[in-house]
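Down below is the structure, laid out as structure tokens.
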Amino acid sequence: MCPYCKSHDGKPCAVGEKPNGRLACACGRHSWPNSGAFLETCRLMSLTVTRTVHDWTQSY
């Protein structure tokens, strides 16, 4: 599933490999040069937490 796209018509946006080796989402808005870059994007997106107090950045 594309980490950037929301669901389209109730279906998640799938990611597939093109003949040249690039990965691209089904809607065509996002692409990655290889699987390593795609996995790194997924990892970074899973670390992003919004509207939360981060104790390690806040001073008391």
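Ordering of the structure tokens sets the chain letters (A, B, ...), residue numbers begin anew at 1 in every chain, and ligands are numbered from 1 in the order given.
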
Tyr4 of chain A environment, 10 Å, only C-alpha atoms, sequence neighbours closer than 3 positions dropped, as a count of residues only = 9

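Compared by their closest atoms to Phe38 of chain A, and using only C-alpha atoms, the residues A:Lys6, A:Lys11, A:Gly16, A:Leu23 rank with A:Leu23 nearest.
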
Give the strand (DSSP E) residues of segment 2-51 of chain A, as DSSP finds them on the backbone, and put them as a PyMOL selection string.
-> chain A and resi 15-17+23-25+31-32

Can you tell me, as a list in words, what residues are no more than 12 Å from Ala37 of chain A when counting only C-alpha atoms, ignoring any on the same chain fewer than 5 positions away?
->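 So, after excluding close chain neighbours, the residues are Arg22, Leu23, Ala24, Ser31, Trp32, Cys42, Arg43 and Leu44 of chain A.
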
Could you write out that same residue set with C-alpha atoms as a CSV table (one decimal), in the first residue's frame?
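What follows is the written file out-v4.csv:
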chain,number,residue,atom,x,y,z
A,22,ARG,CA,10.8,1.5,-10.3
A,23,LEU,CA,8.0,1.1,-7.8
A,24,ALA,CA,4.9,3.2,-8.4
A,31,SER,CA,7.1,6.5,-7.3
A,32,TRP,CA,10.4,5.2,-5.9
A,42,CYS,CA,7.3,3.3,4.8
A,43,ARG,CA,9.6,3.3,7.9
A,44,LEU,CA,9.7,7.1,8.1

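The space separating atom CA of Gly28 of chain A from atom CA of Gly10 of chain A comes to 17.3 Å.
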
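Distance annotation: of A:Gly21, A:Leu47, A:Pro33, A:Ala26, the residue with the minimal separation from Cys2 of chain A is A:Ala26; atom set is only C-alpha atoms.
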